[in-house]
Amino acid sequence: MKAVVVAVGFDEKLILRSLLRIGISKGDTVVLVYSLAGNEEDKRKVRNALENIKIILSGMDISSKEIEVSGMDFAKDVATILNAIKELGNVDEMILSLASSMRLHVLEIL
């Protein structure tokens, strides 16, 4: 089993393209790191992207784990991400996908 960690922004296309390039399969887990900071329009875009990604993954029997970070406290967000990754347990391979426009979250993941 492998885990792929991605930062979700306003659009799912970059993430889905990255997942296809990486090659995910049944039994893998996609970890979705996101923030609902910003105005209502920004929040709506992130929620839509999350929902679209989860619909596609569920159709492929690939599990997903959501990690919501504040986007306001870098150290706390990093700790949240690390704790959630530890909860995954034993994975054979972990891939950090940098295909996102959410630069802050990409740095937190790294």
# chains A, B, ... in the order shown; residues from 1 in each chain; ligands from 1
>>> residues_around(residues="stretch 76-79 of chain A", least_positions_apart="5", cutoff="12 Å", atoms="only C-alpha atoms", output="number ranges by chain")
A: 33-35, 67-71, 84-86, 104-110
>>> residues_around(residues="A:Ile53", least_positions_apart="2", cutoff="12 Å", atoms="only C-alpha atoms", output="JSON, numbers by chain")
{"A": [6, 7, 8, 9, 10, 11, 12, 13, 14, 15, 16, 17, 18, 19, 30, 31, 32, 46, 47, 48, 49, 50, 51, 55, 56, 57, 58, 59, 60, 62, 63, 64, 65, 66]}
>>> select_by_dssp(residues="stretch 26-67 of chain A", states="strand (DSSP E)", output="number ranges by chain")
A: 29-35, 63-67
>>> write_last_selection(atoms="C-alpha atoms", output="compact mmCIF listing (two decimals), in the first residue's frame")
# COMPACT_ATOMS: atom_id res chain seq x y z
CA THR A 29 -4.67 5.99 0.33
CA VAL A 30 -4.76 9.60 -0.83
CA VAL A 31 -4.24 12.11 1.97
CA LEU A 32 -6.01 15.39 1.19
CA VAL A 33 -4.54 18.40 3.01
CA TYR A 34 -6.70 21.51 2.77
CA SER A 35 -7.71 24.71 4.49
CA SER A 63 -9.45 5.43 0.26
CA SER A 64 -8.93 9.03 1.20
CA LYS A 65 -8.09 10.78 4.44
CA GLU A 66 -8.81 14.46 4.94
CA ILE A 67 -6.57 16.74 6.96
>>> atom_distance(atom1="atom CA of A:Asn90", atom2="atom CA of A:Leu20")
23.0 Å
>>> select_by_dssp(residues="chain A", states="alpha helix (DSSP H)", output="PyMOL selection string")
chain A and resi 13-22+40-59+74-87+103-109
>>> write_last_selection(atoms="C-alpha atoms", output="CSV table (one decimal), in the first residue's frame")
chain,number,residue,atom,x,y,z
A,13,LYS,CA,-7.5,19.0,-12.0
A,14,LEU,CA,-3.8,19.4,-11.0
A,15,ILE,CA,-4.3,16.9,-8.3
A,16,LEU,CA,-6.1,14.3,-10.4
A,17,ARG,CA,-3.4,14.7,-13.1
A,18,SER,CA,-0.7,14.1,-10.5
A,19,LEU,CA,-2.4,11.0,-9.1
A,20,LEU,CA,-2.7,9.5,-12.6
A,21,ARG,CA,1.0,10.2,-13.3
A,22,ILE,CA,1.9,8.6,-9.9
A,40,GLU,CA,-17.0,32.1,1.3
A,41,GLU,CA,-16.2,31.8,-2.4
A,42,ASP,CA,-12.8,30.4,-1.6
A,43,LYS,CA,-14.3,27.9,0.8
A,44,ARG,CA,-16.9,26.8,-1.7
A,45,LYS,CA,-14.1,26.1,-4.3
A,46,VAL,CA,-12.1,24.0,-1.9
A,47,ARG,CA,-15.2,22.0,-0.8
A,48,ASN,CA,-16.1,21.4,-4.4
A,49,ALA,CA,-12.6,20.2,-5.3
A,50,LEU,CA,-12.5,17.9,-2.2
A,51,GLU,CA,-15.9,16.4,-3.1
A,52,ASN,CA,-14.9,15.8,-6.8
A,53,ILE,CA,-11.7,14.1,-5.8
A,54,LYS,CA,-13.4,11.9,-3.2
A,55,ILE,CA,-16.1,10.9,-5.8
A,56,ILE,CA,-13.4,9.8,-8.3
A,57,LEU,CA,-11.4,8.0,-5.7
A,58,SER,CA,-14.3,6.1,-4.3
A,59,GLY,CA,-15.2,4.9,-7.7
A,74,PHE,CA,2.5,27.1,10.3
A,75,ALA,CA,3.9,25.1,13.2
A,76,LYS,CA,0.5,23.8,14.3
A,77,ASP,CA,-0.5,22.9,10.7
A,78,VAL,CA,2.8,20.9,10.3
A,79,ALA,CA,2.1,19.0,13.6
A,80,THR,CA,-1.5,18.3,12.4
A,81,ILE,CA,-0.2,16.8,9.2
A,82,LEU,CA,2.5,14.8,10.9
A,83,ASN,CA,0.1,13.3,13.4
A,84,ALA,CA,-2.4,12.4,10.7
A,85,ILE,CA,0.3,10.7,8.6
A,86,LYS,CA,1.4,8.7,11.7
A,87,GLU,CA,-2.2,7.5,12.0
A,103,ARG,CA,2.1,26.7,-1.9
A,104,LEU,CA,1.8,27.1,1.9
A,105,HIS,CA,0.3,23.7,2.3
A,106,VAL,CA,2.9,22.2,0.0
A,107,LEU,CA,5.6,23.6,2.3
A,108,GLU,CA,3.8,22.3,5.4
A,109,ILE,CA,3.6,18.8,3.9
